[in-house]
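Asker: Next comes work.txt, compact mmCIF, C-alpha atoms (C1' of nucleotides):
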```txt
# COMPACT_ATOMS: atom_id res chain seq x y z
CA MET A 172 116.34 104.68 17.17
CA ALA A 173 118.56 107.64 16.50
CA ARG A 174 118.41 111.33 17.27
CA THR A 175 116.49 111.90 20.51
CA GLN A 176 113.99 114.58 21.43
CA GLY A 177 115.40 117.92 22.52
CA SER A 178 118.91 116.99 21.50
CA HIS A 179 121.22 119.70 20.30
CA SER A 180 124.89 120.41 20.19
CA ALA A 181 124.83 123.52 22.34
CA SER A 182 123.82 121.63 25.48
CA THR A 183 125.48 118.25 24.93
CA GLY A 184 128.99 119.64 24.65
CA PRO A 185 128.99 121.34 28.07
CA LYS A 186 127.17 118.37 29.58
CA ILE A 187 129.95 116.07 28.46
CA ARG A 188 132.61 118.24 30.05
CA ALA A 189 130.59 118.57 33.26
CA SER A 190 130.05 114.83 33.56
CA ALA A 191 133.65 114.02 32.70
CA GLN A 192 134.94 116.54 35.22
CA ARG A 193 132.88 115.12 38.02
CA LEU A 194 133.65 111.50 37.18
CA PHE A 195 137.37 112.06 36.59
CA ALA A 196 137.64 113.90 39.91
CA GLN A 197 135.77 111.16 41.74
CA HIS A 198 137.30 108.01 40.29
CA GLY A 199 140.30 109.12 38.24
CA TYR A 200 140.80 109.43 34.50
CA ALA A 201 141.95 105.87 33.92
CA ALA A 202 139.15 104.38 36.00
CA VAL A 203 136.33 106.14 34.13
CA SER A 204 135.09 104.69 30.84
CA MET A 205 133.61 106.56 27.92
CA ARG A 206 130.43 104.56 28.47
CA GLN A 207 130.17 105.84 32.04
CA ILE A 208 130.52 109.43 30.87
CA ALA A 209 127.96 108.84 28.12
CA ALA A 210 125.51 107.28 30.57
CA ASP A 211 125.90 110.28 32.87
CA VAL A 212 125.17 112.64 29.99
CA GLY A 213 122.23 110.49 28.91
CA VAL A 214 123.60 109.41 25.59
CA GLN A 215 125.31 106.47 23.91
CA ALA A 216 129.11 106.25 23.94
CA GLY A 217 129.46 106.82 20.22
CA ALA A 218 127.77 110.21 20.44
CA LEU A 219 130.64 111.59 22.49
CA TYR A 220 132.84 111.47 19.42
CA ASN A 221 130.79 114.19 17.75
CA TYR A 222 132.30 116.52 20.32
CA ILE A 223 135.76 115.24 21.12
CA PRO A 224 138.39 113.43 19.03
CA ASP A 225 139.26 111.03 21.86
CA LYS A 226 139.39 110.52 25.63
CA GLN A 227 142.82 112.11 25.97
CA ALA A 228 141.60 115.32 24.32
CA LEU A 229 138.71 115.44 26.78
CA LEU A 230 141.09 115.34 29.74
CA PHE A 231 143.34 117.93 28.15
CA GLU A 232 140.47 120.29 27.43
CA LEU A 233 139.32 120.15 31.06
CA MET A 234 142.79 120.92 32.35
CA LYS A 235 143.48 123.59 29.74
CA ARG A 236 140.23 125.38 30.48
CA HIS A 237 140.94 125.28 34.17
CA MET A 238 144.39 126.79 33.77
CA ASP A 239 143.11 129.41 31.34
CA ASP A 240 140.35 130.35 33.76
CA LEU A 241 142.87 130.57 36.59
CA LEU A 242 145.22 132.85 34.69
CA ALA A 243 142.39 134.98 33.31
CA ALA A 244 140.86 135.45 36.75
CA ARG A 245 144.24 136.32 38.18
CA CYS A 246 144.87 138.91 35.44
CA ALA A 247 141.45 140.43 36.04
CA GLN A 248 142.45 141.39 39.56
CA LYS A 249 143.37 145.01 40.05
CA PRO A 250 147.08 145.49 40.79
CA ALA A 251 148.02 146.08 44.40
CA GLU A 252 149.89 149.09 45.69
CA SER A 253 152.45 147.23 47.74
CA ALA A 254 154.03 143.80 47.83
CA LEU A 255 152.30 143.13 51.12
CA ALA A 256 148.87 143.98 49.69
CA ALA A 257 149.67 141.96 46.58
CA LEU A 258 150.56 138.86 48.61
CA GLU A 259 147.41 139.16 50.66
CA ALA A 260 145.32 139.54 47.51
CA PHE A 261 147.05 136.55 45.93
CA THR A 262 146.49 134.41 49.03
CA ARG A 263 142.79 135.21 49.21
CA PHE A 264 142.36 134.87 45.47
CA HIS A 265 144.07 131.48 45.34
CA ILE A 266 142.03 130.04 48.19
CA GLY A 267 138.74 131.41 46.87
CA PHE A 268 139.31 130.32 43.29
CA HIS A 269 140.35 126.81 44.30
CA LEU A 270 137.53 126.26 46.77
CA ASP A 271 135.07 127.23 44.03
CA ARG A 272 136.34 124.45 41.72
CA PRO A 273 137.24 121.40 43.77
CA ASP A 274 136.79 118.96 40.89
CA ALA A 275 138.85 120.93 38.40
CA VAL A 276 141.60 121.45 40.97
CA PHE A 277 141.67 117.78 41.83
CA ILE A 278 142.04 116.82 38.19
CA ALA A 279 144.68 119.46 37.51
CA TYR A 280 146.85 118.07 40.29
CA MET A 281 146.18 114.35 39.99
CA GLU A 282 145.96 113.61 36.31
CA LEU A 283 149.13 115.25 35.01
CA ARG A 284 150.68 111.84 34.44
CA ASN A 285 147.80 110.78 32.21
CA LEU A 286 148.47 113.57 29.74
CA SER A 287 150.37 112.89 26.55
CA ASP A 288 153.82 114.47 26.41
CA ASP A 289 152.69 117.43 24.31
CA ASN A 290 149.62 118.09 26.41
CA PHE A 291 151.63 117.82 29.60
CA ALA A 292 154.12 120.38 28.34
CA GLU A 293 151.34 122.86 27.62
CA ILE A 294 149.69 122.48 31.05
CA GLU A 295 153.05 122.65 32.77
CA ARG A 296 153.78 125.88 30.90
CA LEU A 297 150.59 127.46 32.23
CA ARG A 298 151.26 126.21 35.73
CA THR A 299 154.72 127.73 35.69
CA GLN A 300 153.25 130.97 34.43
CA TYR A 301 150.89 131.09 37.40
CA GLU A 302 153.70 130.30 39.81
CA GLY A 303 155.59 133.21 38.27
CA GLU A 304 152.90 135.60 39.49
CA LEU A 305 153.63 134.67 43.08
CA THR A 306 157.38 134.69 42.54
CA GLN A 307 157.12 138.24 41.26
CA ILE A 308 155.19 139.36 44.32
CA LEU A 309 157.71 137.79 46.68
CA ASP A 310 160.54 139.35 44.69
CA HIS A 311 158.99 142.81 44.98
CA GLY A 312 158.64 142.25 48.70
CA LEU A 313 162.34 141.48 48.93
CA ALA A 314 163.14 144.72 47.11
CA GLU A 315 160.79 146.66 49.38
CA ARG A 316 162.46 145.03 52.41
CA VAL A 317 159.17 143.76 53.79
CA PHE A 318 159.81 140.05 52.99
CA ASP A 319 162.78 137.86 53.71
CA MET A 320 163.44 134.36 52.44
CA THR A 321 166.41 132.15 51.70
CA ASP A 322 165.24 130.91 48.31
CA LEU A 323 162.67 132.64 46.15
CA LYS A 324 161.65 129.59 44.11
CA VAL A 325 161.36 127.30 47.10
CA ALA A 326 159.29 129.89 48.95
CA THR A 327 156.99 130.17 45.92
CA ARG A 328 156.37 126.45 45.85
CA ALA A 329 156.01 126.17 49.60
CA VAL A 330 153.35 128.88 49.72
CA ILE A 331 151.41 127.43 46.79
CA ALA A 332 151.53 123.93 48.28
CA MET A 333 150.27 125.25 51.58
CA LEU A 334 147.44 127.21 49.99
CA THR A 335 146.35 124.49 47.59
CA GLY A 336 146.29 122.07 50.50
CA VAL A 337 143.15 123.78 51.74
CA THR A 338 141.15 121.96 49.07
CA THR A 339 141.92 118.59 50.65
CA TRP A 340 140.03 119.30 53.85
CA TYR A 341 137.78 122.38 53.52
CA ARG A 342 134.05 121.78 53.24
CA ASP A 343 131.44 124.52 53.03
CA SER A 344 129.45 122.64 55.65
CA GLY A 345 132.34 122.75 58.11
CA ALA A 346 132.90 124.95 61.15
CA LEU A 347 134.98 127.64 59.43
CA SER A 348 133.73 130.16 56.90
CA ARG A 349 135.74 130.89 53.79
CA SER A 350 136.83 134.29 55.01
CA GLU A 351 137.96 132.77 58.30
CA VAL A 352 140.05 130.25 56.39
CA GLU A 353 141.47 133.04 54.25
CA ASP A 354 142.37 135.00 57.37
CA ILE A 355 144.13 132.04 58.96
CA TYR A 356 146.13 131.18 55.88
CA TRP A 357 146.99 134.80 55.22
CA GLN A 358 148.42 135.13 58.70
CA MET A 359 150.59 132.03 58.21
CA VAL A 360 151.73 132.99 54.73
CA HIS A 361 152.57 136.49 55.88
CA ASN A 362 154.55 135.23 58.85
CA ALA A 363 156.35 132.62 56.77
CA VAL A 364 157.92 135.24 54.48
CA ARG A 365 157.90 138.45 56.56
CA LEU A 366 161.08 140.27 57.45
CA THR A 367 161.87 139.68 61.13
CA MET B 278 156.96 75.03 30.72
CA ALA B 279 156.35 75.66 34.39
CA ARG B 280 158.48 76.54 37.35
CA THR B 281 161.57 78.45 36.21
CA GLN B 282 165.15 78.21 37.36
CA GLY B 283 166.10 80.09 40.51
CA SER B 284 162.50 80.81 41.38
CA HIS B 285 161.54 81.02 45.01
CA SER B 286 158.98 82.71 47.14
CA ALA B 287 161.40 84.77 49.26
CA SER B 288 162.47 86.93 46.32
CA THR B 289 159.34 87.05 44.18
CA GLY B 290 157.16 88.57 46.89
CA PRO B 291 159.33 91.66 47.43
CA LYS B 292 159.89 91.95 43.67
CA ILE B 293 156.16 92.18 43.10
CA ARG B 294 155.78 94.96 45.65
CA ALA B 295 158.76 96.83 44.22
CA SER B 296 157.49 96.62 40.65
CA ALA B 297 153.95 97.52 41.63
CA GLN B 298 155.14 100.49 43.66
CA ARG B 299 157.16 101.90 40.80
CA LEU B 300 154.48 101.31 38.18
CA PHE B 301 151.61 102.58 40.34
CA ALA B 302 153.57 105.74 41.12
CA GLN B 303 154.43 106.29 37.48
CA HIS B 304 151.12 105.55 35.74
CA GLY B 305 148.53 105.24 38.50
CA TYR B 306 146.81 102.23 40.02
CA ALA B 307 143.97 102.03 37.52
CA ALA B 308 146.26 102.45 34.53
CA VAL B 309 148.58 99.58 35.45
CA SER B 310 147.54 96.01 34.61
CA MET B 311 148.49 92.87 36.45
CA ARG B 312 150.20 91.72 33.25
CA GLN B 313 152.43 94.80 33.29
CA ILE B 314 153.44 94.15 36.88
CA ALA B 315 154.07 90.49 36.09
CA ALA B 316 156.20 91.38 33.07
CA ASP B 317 158.25 93.76 35.19
CA VAL B 318 158.83 91.03 37.76
CA GLY B 319 159.68 88.54 35.00
CA VAL B 320 156.77 86.21 35.52
CA GLN B 321 153.35 85.39 34.10
CA ALA B 322 150.30 87.20 35.44
CA GLY B 323 148.84 84.13 37.10
CA ALA B 324 151.91 83.73 39.32
CA LEU B 325 151.12 86.98 41.13
CA TYR B 326 148.14 85.32 42.75
CA ASN B 327 150.41 83.04 44.76
CA TYR B 328 151.39 86.16 46.70
CA ILE B 329 148.35 88.42 46.75
CA PRO B 330 144.61 87.73 46.82
CA ASP B 331 143.87 90.49 44.30
CA LYS B 332 144.99 93.83 42.88
CA GLN B 333 143.23 95.85 45.55
CA ALA B 334 145.11 94.03 48.32
CA LEU B 335 148.37 94.82 46.56
CA LEU B 336 147.62 98.54 46.62
CA PHE B 337 146.51 98.39 50.23
CA GLU B 338 149.61 96.53 51.32
CA LEU B 339 151.86 99.16 49.74
CA MET B 340 150.02 102.00 51.44
CA LYS B 341 149.75 100.22 54.78
CA ARG B 342 153.46 99.43 54.82
CA HIS B 343 154.28 103.02 53.99
CA MET B 344 152.16 104.41 56.80
CA ASP B 345 153.47 101.83 59.27
CA ASP B 346 157.04 102.71 58.31
CA LEU B 347 156.26 106.40 58.71
CA LEU B 348 154.78 106.01 62.17
CA ALA B 349 157.49 103.59 63.30
CA ALA B 350 160.25 105.93 62.12
CA ARG B 351 158.57 108.84 63.85
CA CYS B 352 158.24 106.92 67.12
CA ALA B 353 161.91 105.90 66.92
CA GLN B 354 162.93 109.55 67.18
CA LYS B 355 164.13 110.66 70.59
CA PRO B 356 161.74 113.11 72.24
CA ALA B 357 162.71 116.78 72.09
CA GLU B 358 163.20 119.00 75.12
CA SER B 359 161.09 121.92 73.91
CA ALA B 360 158.24 122.53 71.51
CA LEU B 361 160.58 124.52 69.29
CA ALA B 362 163.11 121.69 69.10
CA ALA B 363 160.29 119.21 68.52
CA LEU B 364 158.91 121.20 65.61
CA GLU B 365 162.33 121.50 64.03
CA ALA B 366 162.91 117.77 64.44
CA PHE B 367 159.51 117.01 62.97
CA THR B 368 160.13 119.30 60.00
CA ARG B 369 163.48 117.75 59.17
CA PHE B 370 162.20 114.23 59.76
CA HIS B 371 159.17 114.72 57.52
CA ILE B 372 161.20 116.14 54.65
CA GLY B 373 163.93 113.51 54.91
CA PHE B 374 161.55 110.58 55.19
CA HIS B 375 159.43 111.71 52.27
CA LEU B 376 162.34 112.49 49.97
CA ASP B 377 163.66 108.99 50.61
CA ARG B 378 160.43 107.39 49.33
CA PRO B 379 159.06 109.40 46.43
CA ASP B 380 157.09 106.51 44.93
CA ALA B 381 155.47 105.42 48.18
CA VAL B 382 154.57 109.02 49.00
CA PHE B 383 153.06 109.57 45.59
CA ILE B 384 150.88 106.49 45.93
CA ALA B 385 149.84 107.32 49.48
CA TYR B 386 148.55 110.71 48.35
CA MET B 387 147.16 109.89 44.92
CA GLU B 388 145.52 106.51 45.23
CA LEU B 389 143.33 106.99 48.28
CA ARG B 390 140.23 107.00 46.10
CA ASN B 391 141.12 103.60 44.65
CA LEU B 392 140.98 101.94 48.05
CA SER B 393 137.92 100.00 49.11
CA ASP B 394 135.93 101.61 51.91
CA ASP B 395 137.44 99.43 54.63
CA ASN B 396 140.98 99.86 53.38
CA PHE B 397 140.51 103.61 53.06
CA ALA B 398 139.31 103.86 56.64
CA GLU B 399 142.41 102.07 57.88
CA ILE B 400 144.85 104.25 55.93
CA GLU B 401 142.97 107.37 56.94
CA ARG B 402 143.24 106.30 60.56
CA LEU B 403 147.02 106.05 60.30
CA ARG B 404 147.27 109.38 58.48
CA THR B 405 145.25 111.10 61.19
CA GLN B 406 147.47 109.51 63.80
CA TYR B 407 150.55 110.99 62.13
CA GLU B 408 148.90 114.39 61.86
CA GLY B 409 148.22 114.16 65.58
CA GLU B 410 151.95 114.09 66.25
CA LEU B 411 152.31 117.54 64.72
CA THR B 412 149.17 118.86 66.36
CA GLN B 413 150.58 117.85 69.73
CA ILE B 414 153.84 119.69 69.08
CA LEU B 415 152.01 122.85 68.04
CA ASP B 416 149.77 122.58 71.09
CA HIS B 417 152.75 122.33 73.42
CA GLY B 418 154.22 125.38 71.72
CA LEU B 419 151.05 127.29 72.46
CA ALA B 420 151.27 126.31 76.12
CA GLU B 421 154.93 127.31 76.24
CA ARG B 422 154.03 130.64 74.61
CA VAL B 423 156.52 130.19 71.79
CA PHE B 424 153.93 129.55 69.05
CA ASP B 425 150.83 131.45 68.10
CA MET B 426 148.11 130.41 65.66
CA THR B 427 144.43 131.04 65.10
CA ASP B 428 143.42 127.42 64.51
CA LEU B 429 145.44 124.41 65.63
CA LYS B 430 143.98 121.94 63.15
CA VAL B 431 144.28 124.26 60.18
CA ALA B 432 147.88 125.07 61.10
CA THR B 433 148.64 121.33 61.30
CA ARG B 434 147.29 120.71 57.83
CA ALA B 435 148.92 123.80 56.37
CA VAL B 436 152.34 122.83 57.67
CA ILE B 437 152.04 119.24 56.48
CA ALA B 438 150.84 120.34 53.03
CA MET B 439 153.76 122.73 52.75
CA LEU B 440 156.30 120.11 53.81
CA THR B 441 154.91 117.30 51.69
CA GLY B 442 154.94 119.65 48.70
CA VAL B 443 158.70 119.34 48.63
CA THR B 444 158.34 115.92 47.00
CA THR B 445 156.75 117.44 43.91
CA TRP B 446 159.82 119.39 42.89
CA TYR B 447 162.94 118.26 44.77
CA ARG B 448 165.47 116.19 42.85
CA ASP B 449 168.75 114.91 44.27
CA SER B 450 170.42 116.14 41.11
CA GLY B 451 169.17 119.68 41.65
CA ALA B 452 170.97 122.76 42.93
CA LEU B 453 169.97 122.43 46.58
CA SER B 454 171.17 119.78 49.01
CA ARG B 455 168.73 118.08 51.33
CA SER B 456 169.98 119.90 54.38
CA GLU B 457 169.68 123.21 52.56
CA VAL B 458 166.07 122.37 51.72
CA GLU B 459 165.45 121.37 55.33
CA ASP B 460 166.92 124.67 56.52
CA ILE B 461 164.74 126.70 54.17
CA TYR B 462 161.54 124.90 55.09
CA TRP B 463 162.34 124.99 58.78
CA GLN B 464 162.73 128.74 58.63
CA MET B 465 159.36 129.15 56.91
CA VAL B 466 157.55 126.71 59.19
CA HIS B 467 159.03 128.36 62.25
CA ASN B 468 158.03 131.83 61.08
CA ALA B 469 154.56 130.69 60.13
CA VAL B 470 153.68 129.61 63.68
CA ARG B 471 156.04 131.64 65.88
CA LEU B 472 154.77 134.08 68.46
CA THR B 473 155.30 137.64 67.22
C1' DG C 125 167.16 58.21 43.97
C1' DT C 126 162.52 58.77 44.72
C1' DT C 127 158.66 61.24 46.47
C1' DT C 128 156.59 65.40 47.93
C1' DT C 129 156.03 70.17 47.80
C1' DT C 130 156.60 74.67 45.99
C1' DT C 131 156.55 77.74 42.18
C1' DC C 132 155.32 78.92 37.92
C1' DT C 133 153.26 78.47 32.90
C1' DG C 134 149.89 78.95 29.43
C1' DA C 135 145.48 78.84 28.23
C1' DA C 136 141.08 80.06 29.21
C1' DC C 137 136.96 82.70 31.39
C1' DG C 138 133.40 86.39 30.91
C1' DG C 139 133.31 90.91 30.52
C1' DA C 140 134.99 95.77 29.72
C1' DT C 141 137.74 98.91 26.91
C1' DG C 142 138.19 103.04 23.25
C1' DT C 143 136.70 103.89 18.89
C1' DT C 144 134.22 103.55 14.24
C1' DC C 145 130.27 103.80 11.31
C1' DA C 146 126.03 102.79 8.61
C1' DG C 147 121.58 103.87 9.46
C1' DT C 148 117.68 106.52 11.68
C1' DT C 149 115.25 110.33 13.32
C1' DA C 150 114.47 115.07 15.15
C1' DA C 151 115.16 119.81 14.09
C1' DC C 152 115.86 123.41 10.84
C1' DG C 153 115.80 126.16 6.41
C1' DT C 154 113.02 127.41 2.74
C1' DA D 169 105.07 120.77 3.10
C1' DC D 170 109.40 119.07 1.98
C1' DG D 171 114.29 118.39 1.61
C1' DT D 172 118.48 118.96 4.15
C1' DT D 173 121.31 118.74 7.92
C1' DA D 174 122.67 117.88 12.51
C1' DA D 175 122.45 114.58 16.43
C1' DC D 176 122.27 110.32 17.94
C1' DT D 177 121.64 104.95 18.14
C1' DG D 178 123.11 100.35 18.30
C1' DA D 179 125.98 97.09 16.75
C1' DA D 180 130.43 95.83 15.77
C1' DC D 181 135.70 95.90 15.96
C1' DA D 182 139.98 94.21 17.95
C1' DT D 183 142.11 94.31 22.20
C1' DC D 184 142.65 94.38 26.92
C1' DC D 185 141.14 93.43 31.82
C1' DG D 186 141.42 90.70 36.56
C1' DT D 187 141.27 86.22 37.87
C1' DT D 188 141.22 80.95 37.85
C1' DC D 189 143.25 76.51 37.27
C1' DA D 190 145.07 72.07 35.45
C1' DG D 191 149.42 70.66 34.61
C1' DA D 192 154.57 70.90 34.33
C1' DA D 193 159.00 71.46 36.22
C1' DA D 194 162.35 72.84 39.68
C1' DA D 195 163.52 72.52 44.46
C1' DA D 196 163.33 70.35 48.85
C1' DA D 197 162.64 66.39 51.82
C1' DC D 198 163.55 61.85 52.77
```
Written as structure tokens, that's how I'd like the structure from this file.
Answerer:
Amino acid sequence: MARTQGSHSASTGPKIRASAQRLFAQHGYAAVSMRQIAADVGVQAGALYNYIPDKQALLFELMKRHMDDLLAARCAQKPAESALAALEAFTRFHIGFHLDRPDAVFIAYMELRNLSDDNFAEIERLRTQYEGELTQILDHGLAERVFDMTDLKVATRAVIAMLTGVTTWYRDSGALSRSEVEDIYWQMVHNAVRLT
Amino acid sequence: MARTQGSHSASTGPKIRASAQRLFAQHGYAAVSMRQIAADVGVQAGALYNYIPDKQALLFELMKRHMDDLLAARCAQKPAESALAALEAFTRFHIGFHLDRPDAVFIAYMELRNLSDDNFAEIERLRTQYEGELTQILDHGLAERVFDMTDLKVATRAVIAMLTGVTTWYRDSGALSRSEVEDIYWQMVHNAVRLT
DNA sequence: GTTTTTTCTGAACGGATGTTCAGTTAACGT
DNA sequence: ACGTTAACTGAACATCCGTTCAGAAAAAAC
């Protein structure tokens, strides 16, 4: 046997990424074999190599796409009029974006050590760029005298860690709606950095 | 060849755990082979099985010990006189304990999905127990009217995520001392939950 | 000094791993 | 209708995996 019915490049490529994303998020990059991904797509392992050079490149592409999406979505937001409004918008955006992509988020945070040195550097660059968005907001808030914090960089990381943490426990089937979760986190973020 | 000079059970056991902890933290459980661990200990792979039933048990033992240490160290703290003092003590304790054990912390947060169902349930139980300590403090603060928060459980998780995040960036060789980091985080945690 | 026990080696087990490739077939262009 | 191309199969490659075990040697017991 060889080429199967209804097979074409346009659908297999995305299918591979979708299967890999789900499997990597569930079991981890190192624990998932190319044969498992192929089986999930409905194809033999060799066929994967028509779409990707190797397993490492598949992981990198998933993470790169996720970071590009994140930065693009962030840039698409309309600029806020004040630092306070900007921080609220960032908080709600971050929570919403991350809850929409639990698998991609999981991979982006857990599989950094499985990237080659070059690939890691690229992802880290994008991550730092995103962090910079929040740093800028907090910095503006300092200038406007509406925020107060001892260390700008530490505050940036603390806020992002707190917000990203929502993905470890939130489930759509749970008691709280997304907007309720956003409200709760926004209150805490605001209090954490507000001028008292 | 067979038994080597200076070999004895009392030192090989701890060596295995130490090597496994470092390698698991660095490359991930699934990416580290028993032969790599054995080589790091200075022994052949087969010798490991005099000390552990299998690889899974090795991972579980590392995580179980970490959680037991965490809960024991927490219980050893003297009780605080107020909710505010208790939250400050918890904040400083959590940061200090976690910065002392970067490898163990990394494993405890990253390798949960590589635990068997039974082992996962046990670790999860201990993690929930630790979370409960913070929930209790926040609850007392609500009763004392010094804290205010919309959702007790969400606040617990948000604070823990923020505090644990320190392990992802802090280095002893960096610009900030540990007590400076503790001060900064304590200020943010306090503000996040204080009554306004 | 001899025997017993503990600790480890080295080889082996069946199976899984990422990746390559010649060959086969479906889909497409004309 | 026919030739070309794109998509995939299935087998093979060398290498690694976790785990077992008979046997050897060092340490401990007597």
Asker: Counting only C-alpha atoms, which of A:Glu353, A:Glu295, A:Asp322, A:Asp225 gets nearest to chain B?
Answerer: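 Using only C-alpha atoms, chain B sits closest to A:Asp322.
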Asker: As an mmCIF file with C-alpha atoms, keeping the file's coordinate frame, please: the residues near stretch 373-390 of chain B (cut-off 10 Å, only C-alpha atoms (C1' of nucleotides), same-chain neighbours under 4 positions excluded).
Answerer:
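Full text of around-v3.cif as output:
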```cif
data_model
loop_
_atom_site.group_PDB
_atom_site.id
_atom_site.type_symbol
_atom_site.label_atom_id
_atom_site.label_comp_id
_atom_site.auth_asym_id
_atom_site.auth_seq_id
_atom_site.Cartn_x
_atom_site.Cartn_y
_atom_site.Cartn_z
ATOM 1 C CA ALA A 196 137.640 113.900 39.910
ATOM 2 C CA GLN A 197 135.770 111.160 41.740
ATOM 3 C CA HIS A 198 137.300 108.010 40.290
ATOM 4 C CA GLY A 199 140.300 109.120 38.240
ATOM 5 C CA TYR A 280 146.850 118.070 40.290
ATOM 6 C CA MET A 281 146.180 114.350 39.990
ATOM 7 C CA GLU A 282 145.960 113.610 36.310
ATOM 8 C CA ALA B 295 158.760 96.830 44.220
ATOM 9 C CA GLN B 298 155.140 100.490 43.660
ATOM 10 C CA ARG B 299 157.160 101.900 40.800
ATOM 11 C CA LEU B 300 154.480 101.310 38.180
ATOM 12 C CA PHE B 301 151.610 102.580 40.340
ATOM 13 C CA ALA B 302 153.570 105.740 41.120
ATOM 14 C CA GLN B 303 154.430 106.290 37.480
ATOM 15 C CA GLY B 305 148.530 105.240 38.500
ATOM 16 C CA TYR B 306 146.810 102.230 40.020
ATOM 17 C CA ALA B 307 143.970 102.030 37.520
ATOM 18 C CA LEU B 336 147.620 98.540 46.620
ATOM 19 C CA PHE B 337 146.510 98.390 50.230
ATOM 20 C CA LEU B 339 151.860 99.160 49.740
ATOM 21 C CA MET B 340 150.020 102.000 51.440
ATOM 22 C CA LYS B 341 149.750 100.220 54.780
ATOM 23 C CA ARG B 342 153.460 99.430 54.820
ATOM 24 C CA HIS B 343 154.280 103.020 53.990
ATOM 25 C CA MET B 344 152.160 104.410 56.800
ATOM 26 C CA ASP B 346 157.040 102.710 58.310
ATOM 27 C CA LEU B 347 156.260 106.400 58.710
ATOM 28 C CA ALA B 350 160.250 105.930 62.120
ATOM 29 C CA ARG B 351 158.570 108.840 63.850
ATOM 30 C CA PHE B 367 159.510 117.010 62.970
ATOM 31 C CA THR B 368 160.130 119.300 60.000
ATOM 32 C CA ARG B 369 163.480 117.750 59.170
ATOM 33 C CA ASP B 394 135.930 101.610 51.910
ATOM 34 C CA ASN B 396 140.980 99.860 53.380
ATOM 35 C CA PHE B 397 140.510 103.610 53.060
ATOM 36 C CA ALA B 398 139.310 103.860 56.640
ATOM 37 C CA ILE B 400 144.850 104.250 55.930
ATOM 38 C CA GLU B 401 142.970 107.370 56.940
ATOM 39 C CA ARG B 404 147.270 109.380 58.480
ATOM 40 C CA LEU B 440 156.300 120.110 53.810
ATOM 41 C CA THR B 441 154.910 117.300 51.690
ATOM 42 C CA GLY B 442 154.940 119.650 48.700
ATOM 43 C CA VAL B 443 158.700 119.340 48.630
ATOM 44 C CA THR B 444 158.340 115.920 47.000
ATOM 45 C CA THR B 445 156.750 117.440 43.910
ATOM 46 C CA TYR B 447 162.940 118.260 44.770
ATOM 47 C CA ARG B 448 165.470 116.190 42.850
ATOM 48 C CA ASP B 449 168.750 114.910 44.270
ATOM 49 C CA ARG B 455 168.730 118.080 51.330
ATOM 50 C CA SER B 456 169.980 119.900 54.380
ATOM 51 C CA VAL B 458 166.070 122.370 51.720
ATOM 52 C CA GLU B 459 165.450 121.370 55.330
#
```
Asker: Any idea which chain D residues end up within 12 Å of chain A if we count only C-alpha atoms (C1' of nucleotides), as an mmCIF file with C-alpha atoms (C1' of nucleotides), in the coordinates of the input please?
Answerer:
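Listed below is the output, selection-v2.cif:
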```
data_model
loop_
_atom_site.group_PDB
_atom_site.id
_atom_site.type_symbol
_atom_site.label_atom_id
_atom_site.label_comp_id
_atom_site.auth_asym_id
_atom_site.auth_seq_id
_atom_site.Cartn_x
_atom_site.Cartn_y
_atom_site.Cartn_z
ATOM 1 C "C1'" DA D 174 122.670 117.880 12.510
ATOM 2 C "C1'" DA D 175 122.450 114.580 16.430
ATOM 3 C "C1'" DC D 176 122.270 110.320 17.940
ATOM 4 C "C1'" DT D 177 121.640 104.950 18.140
ATOM 5 C "C1'" DG D 178 123.110 100.350 18.300
ATOM 6 C "C1'" DA D 179 125.980 97.090 16.750
ATOM 7 C "C1'" DA D 180 130.430 95.830 15.770
ATOM 8 C "C1'" DC D 185 141.140 93.430 31.820
#
```
Asker: What is the distance, in Å and to one decimal place, between atom C1' of C:DA146 and atom CA of A:Gly213?
Answerer: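 Interatomic distance here is 22.0 Å.
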Asker: So which one's closest to D:DG191, C:DT133, C:DT149, C:DT154, C:DT141? Using all atoms listed in the file, please.
Answerer: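 Counting all atoms listed in the file, the residue closest to D:DG191 is C:DT133.
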Asker: Would you write out, as a Markdown table, a table of all residues in chain A that have an atom no more than 7 Å from an atom of chain B, listing for each the closest atom pair and the distance in Å to one decimal, considering all atoms listed in the file and ordering rows by chain and rising residue number?
Answerer:
```
| residue | atom | partner | partner_atom | distance |
| --- | --- | --- | --- | --- |
| A:His198 | CA | B:Arg390 | CA | 6.6 |
| A:Ala201 | CA | B:Ala308 | CA | 5.5 |
| A:Ala202 | CA | B:Ala307 | CA | 5.6 |
| A:Met281 | CA | B:Met387 | CA | 6.7 |
| A:Arg284 | CA | B:His304 | CA | 6.4 |
| A:Thr321 | CA | B:Ile461 | CA | 6.2 |
| A:Ala329 | CA | B:Met439 | CA | 5.2 |
| A:Val330 | CA | B:Met439 | CA | 6.9 |
| A:Ala332 | CA | B:Met439 | CA | 5.1 |
| A:Met333 | CA | B:Met439 | CA | 4.5 |
| A:Gly336 | CA | B:Ala438 | CA | 5.5 |
| A:Ile355 | CA | B:Thr427 | CA | 6.2 |
| A:Met359 | CA | B:Ala469 | CA | 4.6 |
| A:Val360 | CA | B:Ala469 | CA | 6.5 |
| A:Asn362 | CA | B:Ala469 | CA | 4.7 |
| A:Ala363 | CA | B:Ala469 | CA | 4.3 |
| A:Val364 | CA | B:Met465 | CA | 6.7 |
```
Asker: Which chain C residues have any atom within 10 Å of an atom of chain A, and for each, what is the nearest pair of atoms with distance in Å to one decimal, counting all atoms listed in the file, rows sorted by chain and number, as CSV?
Answerer:
```
residue,atom,partner,partner_atom,distance
C:DA140,C1',A:Ser204,CA,9.0
C:DT141,C1',A:Ser204,CA,7.5
C:DG142,C1',A:Met205,CA,7.4
C:DT143,C1',A:Gly217,CA,7.9
C:DT144,C1',A:Gly217,CA,8.3
C:DC145,C1',A:Gly217,CA,9.4
C:DG147,C1',A:Ala173,CA,8.5
C:DT148,C1',A:Ala173,CA,5.0
C:DT149,C1',A:Arg174,CA,5.2
C:DA150,C1',A:Arg174,CA,5.8
C:DA151,C1',A:Gly177,CA,8.6
```
